[in-house]
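Visitor: So that you have it, the file is entry_19.cif, and it contains mmCIF, C-alpha atoms:
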data_model
loop_
_atom_site.label_atom_id
_atom_site.label_comp_id
_atom_site.auth_asym_id
_atom_site.auth_seq_id
_atom_site.Cartn_x
_atom_site.Cartn_y
_atom_site.Cartn_z
CA MET A 181 -0.83 6.84 -8.99
CA LYS A 182 0.33 8.45 -5.73
CA ARG A 183 -0.04 5.12 -3.96
CA CYS A 184 2.09 3.35 -6.55
CA ALA A 185 4.72 6.10 -6.38
CA MET A 186 4.79 5.81 -2.60
CA LEU A 187 5.46 2.08 -2.75
CA ILE A 188 8.06 2.33 -5.53
CA ALA A 189 9.95 5.03 -3.61
CA ALA A 190 9.97 2.94 -0.45
CA LEU A 191 11.18 -0.15 -2.31
CA SER A 192 13.98 1.85 -3.97
CA ALA A 193 15.12 3.32 -0.67
CA LEU A 194 15.28 -0.07 0.96
CA SER A 195 17.00 -1.93 -1.87
CA ILE A 196 20.36 -0.43 -0.86
CA THR A 197 19.87 -1.58 2.72
CA TRP A 198 19.06 -5.16 1.67
CA ALA A 199 22.05 -5.27 -0.62
CA GLN A 200 24.30 -4.56 2.36
CA GLU A 201 22.65 -7.05 4.72
CA ALA A 202 22.46 -10.80 4.98
CA SER A 203 18.87 -11.32 3.79
CA SER A 204 16.54 -14.30 3.87
CA LEU A 205 13.75 -15.14 1.46
CA GLY A 206 10.61 -17.15 2.15
CA ALA A 207 7.48 -18.23 0.31
CA GLY A 208 4.27 -20.05 1.08
CA GLY A 209 0.68 -20.28 0.07
CA SER A 210 -2.51 -22.26 0.00
CA LEU A 211 -4.92 -23.89 -2.44
CA SER A 212 -8.56 -24.30 -1.49
CA SER A 213 -11.68 -25.60 -3.19
CA GLU A 214 -15.24 -25.03 -1.95
CA PRO A 215 -18.19 -26.52 -3.86
CA PHE A 216 -21.64 -25.82 -2.39
CA ALA A 217 -25.38 -25.95 -3.00
CA SER A 218 -27.80 -23.17 -2.02
CA TRP A 219 -31.54 -22.85 -1.59
CA ALA A 220 -33.34 -19.50 -1.37
CA GLU A 221 -36.91 -18.34 -0.95
CA ALA A 222 -38.13 -14.77 -1.42
CA ARG A 223 -41.67 -13.79 -0.41
CA GLN A 224 -41.80 -10.10 -1.23
CA GLY A 225 -43.62 -9.44 -4.53
CA GLY A 226 -44.69 -13.07 -4.82
CA SER A 227 -43.14 -16.20 -3.40
CA THR A 228 -40.23 -17.68 -5.33
CA ALA A 229 -37.87 -20.47 -4.33
CA GLY A 230 -35.17 -22.50 -5.95
CA TRP A 231 -31.86 -24.31 -5.81
CA SER A 232 -28.53 -23.09 -7.14
CA TYR A 233 -24.97 -24.37 -7.18
CA GLY A 234 -21.53 -22.87 -7.21
CA SER A 235 -17.91 -23.26 -6.28
CA SER A 236 -14.79 -21.26 -5.59
CA THR A 237 -11.23 -22.45 -6.12
CA THR A 238 -8.63 -20.10 -4.66
CA LEU A 239 -4.86 -19.94 -4.93
CA GLY A 240 -3.01 -17.75 -2.43
CA LEU A 241 0.71 -16.93 -2.55
CA GLU A 242 2.91 -15.22 0.05
CA LEU A 243 6.43 -13.89 -0.50
CA ARG A 244 8.73 -12.61 2.25
CA ALA A 245 12.18 -11.03 2.31
CA ARG A 246 13.94 -10.13 5.54
CA GLY A 247 17.19 -8.42 6.38
CA GLU A 248 18.71 -7.16 9.60
CA LYS A 249 16.73 -3.90 9.62
CA ALA A 250 14.33 -4.18 6.72
CA ARG A 251 11.75 -6.61 5.42
CA ALA A 252 9.11 -6.83 2.71
CA GLU A 253 6.00 -8.92 2.31
CA ALA A 254 3.58 -9.56 -0.52
CA SER A 255 0.51 -11.77 -0.71
CA PHE A 256 -1.67 -12.38 -3.74
CA GLU A 257 -4.93 -14.22 -4.28
CA ALA A 258 -6.73 -15.47 -7.40
CA ALA A 259 -10.02 -17.37 -7.44
CA VAL A 260 -12.07 -19.13 -10.09
CA LEU A 261 -15.77 -18.69 -9.24
CA THR A 262 -18.64 -20.61 -10.81
CA GLY A 263 -22.41 -20.55 -10.59
CA THR A 264 -23.82 -18.81 -7.52
CA ALA A 265 -20.36 -17.72 -6.34
CA ALA A 266 -19.78 -15.94 -9.66
CA GLY A 267 -23.20 -14.30 -9.48
CA GLU A 268 -22.60 -12.98 -5.98
CA ALA A 269 -19.20 -11.54 -6.94
CA TRP A 270 -20.81 -9.90 -10.00
CA ALA A 271 -23.51 -8.33 -7.83
CA VAL A 272 -20.95 -6.94 -5.39
CA ALA A 273 -18.93 -5.48 -8.29
CA GLY A 274 -21.98 -3.45 -9.29
CA SER A 275 -22.76 -2.20 -5.78
CA SER A 276 -21.38 0.43 -3.41
CA LEU A 277 -19.30 -2.33 -1.77
CA ALA A 278 -17.16 -2.87 -4.89
CA ARG A 279 -13.39 -2.64 -4.43
CA ARG A 280 -11.39 -0.80 -7.08
CA ASP A 281 -8.33 -2.90 -6.26
CA GLU A 282 -10.04 -6.19 -7.21
CA LEU A 283 -9.78 -7.44 -10.78
CA LEU A 284 -12.66 -9.41 -12.34
CA LEU A 285 -12.37 -11.27 -15.64
CA PRO A 286 -14.54 -10.72 -17.57
CA MET A 287 -14.65 -7.12 -16.39
CA TYR A 288 -17.91 -5.91 -14.86
CA THR A 289 -20.35 -3.93 -17.01
CA ALA A 290 -23.78 -2.89 -15.77
CA SER A 291 -25.53 -4.07 -18.95
CA ALA A 292 -24.04 -7.58 -18.92
CA ALA A 293 -25.57 -10.56 -17.13
CA ALA A 294 -23.53 -12.40 -14.54
CA PRO A 295 -21.28 -15.00 -16.22
CA GLU A 296 -21.31 -18.63 -15.21
CA THR A 297 -17.56 -18.50 -14.55
CA LEU A 298 -15.29 -15.63 -13.67
CA VAL A 299 -11.82 -15.02 -12.24
CA ALA A 300 -11.25 -12.66 -9.31
CA ALA A 301 -7.77 -11.53 -8.32
CA ARG A 302 -6.39 -9.10 -5.77
CA VAL A 303 -3.28 -8.06 -3.90
CA ARG A 304 -3.89 -8.69 -0.21
CA SER A 305 -0.66 -7.09 1.02
CA LEU A 306 2.40 -5.48 -0.53
CA TYR A 307 4.55 -3.48 1.86
CA VAL A 308 8.05 -2.76 3.07
CA LYS A 309 9.18 -2.12 6.64
CA TYR A 310 12.32 -0.50 7.99
CA ASP A 311 13.27 -0.72 11.68
CA ALA A 312 15.27 2.26 12.92
CA PRO A 313 16.55 2.43 16.52
CA TRP A 314 13.74 4.80 17.53
CA ALA A 315 10.86 3.79 15.26
CA SER A 316 9.59 1.51 12.48
CA VAL A 317 8.34 2.76 9.11
CA LEU A 318 5.93 0.80 6.88
CA ALA A 319 4.80 1.71 3.36
CA GLY A 320 2.38 -0.10 1.08
CA ARG A 321 -0.72 -2.26 1.38
CA GLN A 322 -0.96 -3.59 4.93
CA VAL A 323 -3.52 -4.72 7.50
CA ILE A 324 -3.73 -2.07 10.22
CA ASN A 325 -5.45 -4.14 12.85
CA TYR A 326 -6.93 -1.79 15.44
CA GLY A 327 -9.75 -2.78 17.78
CA ARG A 328 -10.30 -5.80 20.00
CA GLY A 329 -13.58 -7.42 18.96
CA VAL A 330 -13.92 -10.85 17.42
CA LEU A 331 -16.16 -9.60 14.60
CA TRP A 332 -16.83 -5.88 15.06
CA ASN A 333 -14.16 -3.25 15.62
CA PRO A 334 -15.51 0.32 15.31
CA ALA A 335 -12.09 1.73 16.28
CA ASP A 336 -10.52 -0.21 13.39
CA ILE A 337 -11.11 2.68 10.99
CA PHE A 338 -8.71 1.57 8.23
CA THR A 339 -9.53 -2.08 7.66
CA GLU A 340 -12.54 -3.45 5.77
CA LEU A 341 -14.08 -6.85 6.42
CA ASP A 342 -14.21 -9.49 3.70
CA LEU A 343 -17.27 -11.62 4.51
CA SER A 344 -17.26 -13.76 1.37
CA GLY A 345 -15.72 -16.82 3.06
CA LEU A 346 -16.62 -18.96 6.05
CA SER A 347 -14.85 -16.60 8.44
CA PRO A 348 -14.26 -12.83 8.30
CA VAL A 349 -10.95 -11.68 6.80
CA ARG A 350 -9.55 -8.17 7.21
CA ARG A 351 -8.44 -6.43 4.03
CA GLY A 352 -5.42 -4.18 3.73
CA SER A 353 -5.10 -0.43 3.16
CA ASP A 354 -2.52 1.44 1.07
CA ALA A 355 -0.85 3.40 3.84
CA LEU A 356 2.22 5.03 5.31
CA ARG A 357 2.74 4.07 8.95
CA LEU A 358 5.14 5.15 11.70
CA LEU A 359 5.40 3.07 14.90
CA VAL A 360 7.20 4.78 17.80
CA PRO A 361 7.78 2.73 20.99
CA LEU A 362 7.65 4.75 24.21
CA GLY A 363 8.45 1.88 26.57
CA GLN A 364 8.15 -1.88 26.86
CA THR A 365 4.35 -1.84 26.42
CA GLU A 366 3.56 1.75 25.33
CA GLY A 367 3.75 3.35 21.91
CA LEU A 368 2.44 5.76 19.32
CA ASP A 369 1.09 4.76 15.91
CA LEU A 370 0.76 7.37 13.13
CA VAL A 371 -1.02 6.34 9.92
CA ALA A 372 -1.73 8.15 6.65
CA VAL A 373 -3.86 6.66 3.87
CA PRO A 374 -3.29 9.09 0.98
CA ALA A 375 -5.71 10.16 -1.73
CA SER A 376 -5.35 12.13 -4.95
CA ALA A 377 -6.21 15.26 -2.97
CA PRO A 378 -4.45 15.33 0.43
CA ALA A 379 -7.60 16.65 2.10
CA ASP A 380 -9.48 13.51 1.03
CA GLY A 381 -7.07 11.11 2.76
CA ARG A 382 -7.41 9.46 6.16
CA TYR A 383 -4.99 10.29 8.98
CA ALA A 384 -4.79 8.92 12.51
CA LEU A 385 -2.79 9.05 15.73
CA ARG A 386 -3.15 6.15 18.17
CA GLY A 387 -1.57 5.72 21.58
CA SER A 388 -1.54 2.36 23.34
CA GLY A 389 -0.27 0.86 26.58
CA VAL A 390 -0.73 -1.78 29.27
CA ILE A 391 -1.68 -1.04 32.87
CA GLY A 392 -1.80 -4.19 34.98
CA SER A 393 -4.05 -6.62 33.09
CA LEU A 394 -5.67 -3.87 31.01
CA ASP A 395 -4.43 -3.43 27.45
CA GLY A 396 -5.92 -0.20 26.09
CA ALA A 397 -5.60 2.42 23.38
CA ALA A 398 -7.05 5.77 22.28
CA ILE A 399 -7.27 7.12 18.73
CA ALA A 400 -7.94 10.45 17.03
CA ALA A 401 -8.41 10.55 13.25
CA HIS A 402 -9.77 12.56 10.33
CA ASP A 403 -11.52 10.87 7.41
CA GLY A 404 -11.27 13.16 4.40
CA ALA A 405 -13.69 11.10 2.31
CA LYS A 406 -16.43 11.36 4.95
CA LYS A 407 -15.35 14.86 6.02
CA ALA A 408 -15.46 13.80 9.65
CA TRP A 409 -13.34 13.54 12.79
CA LEU A 410 -13.25 10.30 14.75
CA LEU A 411 -12.40 9.88 18.43
CA GLY A 412 -12.18 6.36 19.77
CA ALA A 413 -10.84 3.97 22.38
CA ASP A 414 -10.54 0.23 22.86
CA PHE A 415 -9.42 -2.14 25.60
CA LYS A 416 -8.98 -5.80 26.39
CA THR A 417 -8.48 -7.54 29.71
CA ASP A 418 -8.07 -11.24 30.29
CA LEU A 419 -8.34 -12.64 33.80
CA GLU A 420 -10.65 -15.63 34.18
CA LEU A 421 -13.06 -13.93 31.79
CA GLY A 422 -11.95 -12.07 28.69
CA VAL A 423 -13.60 -8.65 28.31
CA VAL A 424 -13.25 -6.33 25.30
CA GLY A 425 -14.59 -2.87 24.58
CA ASP A 426 -14.32 -0.84 21.40
CA ALA A 427 -15.95 2.50 20.52
CA VAL A 428 -15.62 5.43 18.14
CA TYR A 429 -17.54 8.71 18.03
CA GLU A 430 -17.76 10.22 14.56
CA ILE A 431 -18.12 14.01 14.30
CA PRO A 432 -18.91 15.28 10.77
CA ASP A 433 -17.36 18.61 9.79
CA ALA A 434 -20.91 19.83 9.08
CA GLY A 435 -21.96 19.12 12.69
CA GLY A 436 -23.72 16.41 14.66
CA GLY A 437 -22.24 13.11 15.72
CA GLU A 438 -22.82 9.36 16.02
CA LEU A 439 -21.53 6.54 18.19
CA ARG A 440 -20.51 3.03 17.23
CA ALA A 441 -19.52 0.71 20.08
CA VAL A 442 -18.87 -2.95 20.87
CA ALA A 443 -18.81 -4.87 24.15
CA GLY A 444 -17.71 -8.50 24.23
CA LEU A 445 -16.98 -11.45 26.51
CA ASP A 446 -15.17 -14.72 25.96
CA TYR A 447 -14.53 -17.68 28.24
CA SER A 448 -12.93 -21.09 27.88
CA PHE A 449 -14.45 -24.18 29.48
CA GLY A 450 -11.57 -26.49 28.65
CA PHE A 451 -12.17 -27.60 25.07
CA LEU A 452 -15.23 -25.33 24.74
CA VAL A 453 -14.72 -21.64 23.95
CA VAL A 454 -17.66 -19.21 24.13
CA ALA A 455 -17.64 -15.66 22.74
CA LEU A 456 -20.41 -13.03 22.83
CA GLU A 457 -20.50 -9.51 21.35
CA TYR A 458 -22.99 -6.67 21.20
CA TYR A 459 -22.58 -3.98 18.52
CA TYR A 460 -24.35 -0.62 18.58
CA ASN A 461 -24.26 1.14 15.20
CA GLY A 462 -25.57 4.66 15.65
CA GLY A 463 -24.67 5.61 12.09
CA GLY A 464 -26.80 3.06 10.24
CA ALA A 465 -25.98 1.95 6.69
CA LEU A 466 -23.80 4.99 5.95
CA ALA A 467 -21.49 4.08 8.83
CA ASP A 468 -21.49 0.30 8.28
CA PRO A 469 -23.08 -1.05 5.07
CA PHE A 470 -22.47 -4.66 6.14
CA PHE A 471 -24.37 -4.28 9.44
CA PRO A 472 -26.75 -1.32 9.05
CA GLY A 473 -28.97 -2.19 12.03
CA ARG A 474 -28.53 -0.21 15.24
CA HIS A 475 -28.46 -3.23 17.59
CA ASN A 476 -26.55 -6.36 16.59
CA GLY A 477 -25.45 -9.52 18.35
CA TYR A 478 -22.77 -12.15 17.77
CA ALA A 479 -22.32 -15.50 19.51
CA SER A 480 -19.93 -18.36 18.85
CA LEU A 481 -19.29 -21.76 20.36
CA SER A 482 -16.17 -23.68 19.43
CA LEU A 483 -15.48 -27.22 20.59
CA GLY A 484 -12.07 -28.75 20.06
CA ALA A 485 -13.21 -32.36 20.02
CA THR A 486 -9.65 -33.62 19.45
CA GLU A 487 -6.35 -32.12 18.38
CA LEU A 488 -7.36 -32.90 14.78
CA ALA A 489 -11.05 -32.00 14.78
CA SER A 490 -13.24 -29.12 15.88
CA ILE A 491 -16.88 -28.09 15.67
CA SER A 492 -18.15 -24.53 15.83
CA ALA A 493 -21.41 -22.60 15.62
CA VAL A 494 -21.60 -18.87 14.84
CA ALA A 495 -24.72 -16.69 14.93
CA ILE A 496 -24.93 -13.04 13.76
CA VAL A 497 -28.25 -11.26 14.36
CA ASP A 498 -29.77 -7.85 13.70
CA LEU A 499 -31.65 -7.65 16.99
CA GLU A 500 -34.19 -5.09 15.73
CA ALA A 501 -35.01 -6.53 12.31
CA GLY A 502 -34.78 -10.16 13.41
CA THR A 503 -32.53 -10.99 10.45
CA GLY A 504 -29.17 -12.69 10.52
CA SER A 505 -27.27 -15.88 9.85
CA LEU A 506 -26.23 -19.13 11.53
CA LEU A 507 -23.14 -21.09 10.51
CA LEU A 508 -22.31 -24.66 11.58
CA LEU A 509 -18.77 -25.69 10.72
CA ALA A 510 -16.86 -28.94 11.26
CA SER A 511 -13.10 -29.00 10.61
CA LEU A 512 -10.90 -32.04 10.30
CA ASN A 513 -7.15 -32.20 9.82
CA LEU A 514 -6.65 -34.82 7.09
CA ALA A 515 -2.86 -34.67 6.95
CA GLN A 516 -0.06 -32.24 7.60
CA ASN A 517 -1.13 -28.86 6.11
CA ALA A 518 -4.36 -30.31 4.71
CA ASP A 519 -7.81 -29.63 6.24
CA LEU A 520 -11.37 -30.59 5.38
CA GLU A 521 -14.30 -28.33 6.30
CA LEU A 522 -18.00 -29.19 6.17
CA PHE A 523 -20.47 -26.36 6.60
CA LEU A 524 -24.17 -25.59 6.79
CA LYS A 525 -25.30 -21.96 6.71
CA GLY A 526 -28.75 -20.47 6.99
CA SER A 527 -29.89 -16.86 6.90
CA ARG A 528 -32.96 -14.69 6.92
CA VAL A 529 -32.47 -12.06 4.23
CA THR A 530 -33.07 -8.37 4.86
CA GLY A 531 -35.40 -6.54 2.47
CA CYS A 532 -37.17 -9.43 0.74
CA ASP A 533 -38.77 -11.33 3.64
CA GLY A 534 -36.90 -14.40 2.50
CA TYR A 535 -34.67 -17.21 3.67
CA ALA A 536 -31.54 -18.79 2.28
CA ALA A 537 -29.45 -21.82 3.12
CA SER A 538 -26.28 -23.34 1.75
CA SER A 539 -24.24 -26.45 2.42
CA GLY A 540 -20.91 -27.56 1.12
CA MET A 541 -17.38 -28.60 1.83
CA GLY A 542 -13.99 -27.03 1.62
CA ILE A 543 -10.55 -28.54 1.20
CA VAL A 544 -7.54 -26.40 2.10
CA VAL A 545 -3.93 -27.39 1.37
CA LYS A 546 -1.12 -25.16 2.63
CA PHE A 547 2.41 -25.22 1.27
#
If you took the structure in this file and wrote it as structure tokens, what would it be?

Guide:
Amino acid sequence: MKRCAMLIAALSALSITWAQEASSLGAGGSLSSEPFASWAEARQGGSTAGWSYGSSTTLGLELRARGEKARAEASFEAAVLTGTAAGEAWAVAGSSLARRDELLLPMYTASAAAPETLVAARVRSLYVKYDAPWASVLAGRQVINYGRGVLWNPADIFTELDLSGLSPVRRGSDALRLLVPLGQTEGLDLVAVPASAPADGRYALRGSGVIGSLDGAAIAAHDGAKKAWLLGADFKTDLELGVVGDAVYEIPDAGGGELRAVAGLDYSFGFLVVALEYYYNGGGALADPFFPGRHNGYASLSLGATELASISAVAIVDLEAGTGSLLLLASLNLAQNADLELFLKGSRVTGCDGYAASSGMGIVVKF
């Protein structure tokens, strides 16, 4: 309720400003369809294997309003999931990874079996921004994109990864944010993600700046839900070789501490782009349920064969457990704002000594 009140108050305060300014409105969106077939084999407790099928059809809408000093943005997403896609969404809804801000129809109940078809809907962003001469204020659901890594960003303490699609997507947080510029390339960023009890919220102060070719930042934060302090830093430099670093040290109020850190490289050989990352997760599953292993690796190769076509390969590996996934993706621009994607994905599954593979296609139309 406090989050809704925060957004309503911000919208009310800004409505007077927009009424006095020459404003512009904009809208856009996308429609995508992704049918696929999957094969899985589990060996633990007896070998089982089989085929399954599924699809996801997703409609995304974006609305924008802009005035001289204020602007607002909203983006919404609704998907119809069938077969395996519906089963996976149902399993997530019953796990610790479930999001309270995502609506499933039919609604999840622990005693019910996964339906063959379900609808998932969510608000990706819904925020307002006001630009004063000395600072900018944002209120509402927004992506607070800290960190520099391609996949892993330990210093990005507010944003969760959505790994349900072919590429990671960062999900927004309901937050109040104050951006204070201190120069052409320096600034302070203050963020509060409220909770019902103020002590359970998350609060952060981040300072950033550029020195020569080094773009860096430092952050101090308190996570009320985890009852822990976080101290972190990140940097990026891009000469001939792109180098990124990202780390956070988490200090629980009860004592102790754990480090999560990323080091990455990227380089472009003309049409070929190579990226490598190493992720150390000292906190295990409690710190990162998506990547609970301590030592993790990421590698990607992307070849822009022509201006209209590209081929890429992405590997993510738990270096200790020997588990992970490999994605092969071919993209083709069919027409203006219309793309075709063909993919093949294989993975070795943690916990069941099994393997899985899926193949399918995706069609994306933007408007």

Visitor: Report, in Å with one decimal, the straight-line distance from CA of Ala220 in chain A to CA of Ala537 in chain A.

Guide: 6.4 Å

Visitor: Given all atoms listed in the file as the basis, pick out the residue of A:Ala300, A:Leu385, A:Leu318, A:Ala405 nearest to Asp281 in chain A.

Guide: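 For Asp281 in chain A, the nearest of the given residues is A:Ala300.
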
Visitor: Could you list, with a cut-off of 7 Å and counting only C-alpha atoms, the residues of range 310-338 of chain A near range 422-435 of chain A, each shown with its nearest atom pair and the distance in Å rounded to one decimal, rows sorted by chain and ascending number, as CSV?

Guide:
residue,atom,partner,partner_atom,distance
A:Gly327,CA,A:Asp426,CA,6.1
A:Arg328,CA,A:Val424,CA,6.1
A:Gly329,CA,A:Val424,CA,6.4
A:Asn333,CA,A:Asp426,CA,6.3
A:Pro334,CA,A:Ala427,CA,5.7
A:Ala335,CA,A:Val428,CA,5.4

Visitor: Exactly which residues make up the result of the PyMOL selection byres ((chain A and resi 544) around 6) on this file, given as number ranges by chain?

Guide: A: 211-212, 518-519, 543, 545

Visitor: Please dump the current selection as a compact mmCIF listing (two decimals), keeping the file's coordinate frame; keep C-alpha atoms.

Guide:
# COMPACT_ATOMS: atom_id res chain seq x y z
CA LEU A 211 -4.92 -23.89 -2.44
CA SER A 212 -8.56 -24.30 -1.49
CA ALA A 518 -4.36 -30.31 4.71
CA ASP A 519 -7.81 -29.63 6.24
CA ILE A 543 -10.55 -28.54 1.20
CA VAL A 545 -3.93 -27.39 1.37

Visitor: Evaluate the PyMOL selection byres ((chain A and resi 457-469) around 9) and record the selected residues as a PyMOL selection string, following the chain and residue labels used in the document.

Guide: chain A and resi 276-277+329-334+424+430+437-446+455-456+470-479

Visitor: Write the selection just made, keeping C-alpha atoms, as a PDB file, keeping the file's coordinate frame?

Guide:
ATOM      1  CA  SER A 276     -21.380   0.430  -3.410  1.00  0.00           C
ATOM      2  CA  LEU A 277     -19.300  -2.330  -1.770  1.00  0.00           C
ATOM      3  CA  GLY A 329     -13.580  -7.420  18.960  1.00  0.00           C
ATOM      4  CA  VAL A 330     -13.920 -10.850  17.420  1.00  0.00           C
ATOM      5  CA  LEU A 331     -16.160  -9.600  14.600  1.00  0.00           C
ATOM      6  CA  TRP A 332     -16.830  -5.880  15.060  1.00  0.00           C
ATOM      7  CA  ASN A 333     -14.160  -3.250  15.620  1.00  0.00           C
ATOM      8  CA  PRO A 334     -15.510   0.320  15.310  1.00  0.00           C
ATOM      9  CA  VAL A 424     -13.250  -6.330  25.300  1.00  0.00           C
ATOM     10  CA  GLU A 430     -17.760  10.220  14.560  1.00  0.00           C
ATOM     11  CA  GLY A 437     -22.240  13.110  15.720  1.00  0.00           C
ATOM     12  CA  GLU A 438     -22.820   9.360  16.020  1.00  0.00           C
ATOM     13  CA  LEU A 439     -21.530   6.540  18.190  1.00  0.00           C
ATOM     14  CA  ARG A 440     -20.510   3.030  17.230  1.00  0.00           C
ATOM     15  CA  ALA A 441     -19.520   0.710  20.080  1.00  0.00           C
ATOM     16  CA  VAL A 442     -18.870  -2.950  20.870  1.00  0.00           C
ATOM     17  CA  ALA A 443     -18.810  -4.870  24.150  1.00  0.00           C
ATOM     18  CA  GLY A 444     -17.710  -8.500  24.230  1.00  0.00           C
ATOM     19  CA  LEU A 445     -16.980 -11.450  26.510  1.00  0.00           C
ATOM     20  CA  ASP A 446     -15.170 -14.720  25.960  1.00  0.00           C
ATOM     21  CA  ALA A 455     -17.640 -15.660  22.740  1.00  0.00           C
ATOM     22  CA  LEU A 456     -20.410 -13.030  22.830  1.00  0.00           C
ATOM     23  CA  PHE A 470     -22.470  -4.660   6.140  1.00  0.00           C
ATOM     24  CA  PHE A 471     -24.370  -4.280   9.440  1.00  0.00           C
ATOM     25  CA  PRO A 472     -26.750  -1.320   9.050  1.00  0.00           C
ATOM     26  CA  GLY A 473     -28.970  -2.190  12.030  1.00  0.00           C
ATOM     27  CA  ARG A 474     -28.530  -0.210  15.240  1.00  0.00           C
ATOM     28  CA  HIS A 475     -28.460  -3.230  17.590  1.00  0.00           C
ATOM     29  CA  ASN A 476     -26.550  -6.360  16.590  1.00  0.00           C
ATOM     30  CA  GLY A 477     -25.450  -9.520  18.350  1.00  0.00           C
ATOM     31  CA  TYR A 478     -22.770 -12.150  17.770  1.00  0.00           C
ATOM     32  CA  ALA A 479     -22.320 -15.500  19.510  1.00  0.00           C
TER      33      ALA A 479
END

Visitor: Quick check, in Å to one decimal: how far apart do CA of Phe216 in chain A and CA of Ser511 in chain A lie?

Guide: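 Value for the CA of Phe216 in chain A-CA of Ser511 in chain A distance: 15.9 Å.
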
Visitor: Show which residues sit within 6 Å of Ser480 in chain A, as a ChimeraX atom specification. Count all atoms listed in the file, and ignore same-chain residues fewer than 3 positions away.

Guide: /A:454-455,493-494

Visitor: Given the file shown, enumerate the residues that the PyMOL selection byres ((chain A and resi 206) around 10) captures and present them as a ChimeraX atom specification.

Guide: /A:204-205,207-208,242-246,253

Visitor: Using only C-alpha atoms, which of the listed residues (A:Asp369, A:Glu340, A:Glu296, A:Glu214) sits closest to Gly389 in chain A?

Guide: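 Once distances to Gly389 in chain A are computed over only C-alpha atoms, the minimum belongs to A:Asp369.
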
Visitor: Pick from A:Ser376, A:Ser232, A:Ser210, A:Thr237: nearest to Gly542 in chain A, with all atoms listed in the file counted?

Guide: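 Among the listed residues, A:Thr237 lies closest to Gly542 in chain A.
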
Visitor: If you measure from CA of Thr365 in chain A to CA of Arg304 in chain A, what distance in Å do you get, rounded to one decimal?

Guide: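 Here the two named atoms are 28.7 Å from each other.
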
Visitor: Residues near Gln364 in chain A, anyone? I mean within 12 Å using all atoms listed in the file, not counting same-chain ones fewer than 6 positions away, as a list in words.

Guide: Ser388, Gly389, Val390 and Ile391 of chain A

Visitor: With all atoms listed in the file as the atoms that count, which of A:Gly240, A:Ala229, A:Thr289, A:Pro215 lies nearest to Met541 in chain A?

Guide: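 Under the stated criterion, the closest residue is A:Pro215.
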
Visitor: Using all atoms listed in the file, which protein or nucleic acid residues come within 7 Å of Gly320 in chain A? Drop anything in the same chain fewer than 6 positions from it, and give the result as a list in words.

Guide: Leu187, Leu306, Tyr307, Val308, Asp354, Ala355 and Leu356 of chain A

Visitor: Counting all atoms listed in the file, which residue out of A:Gly209, A:Leu520, A:Ile491, A:Ala319 sits closest to Leu507 in chain A?

Guide: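 Looking only at the distances to Leu507 in chain A, the closest residue turns out to be A:Ile491.
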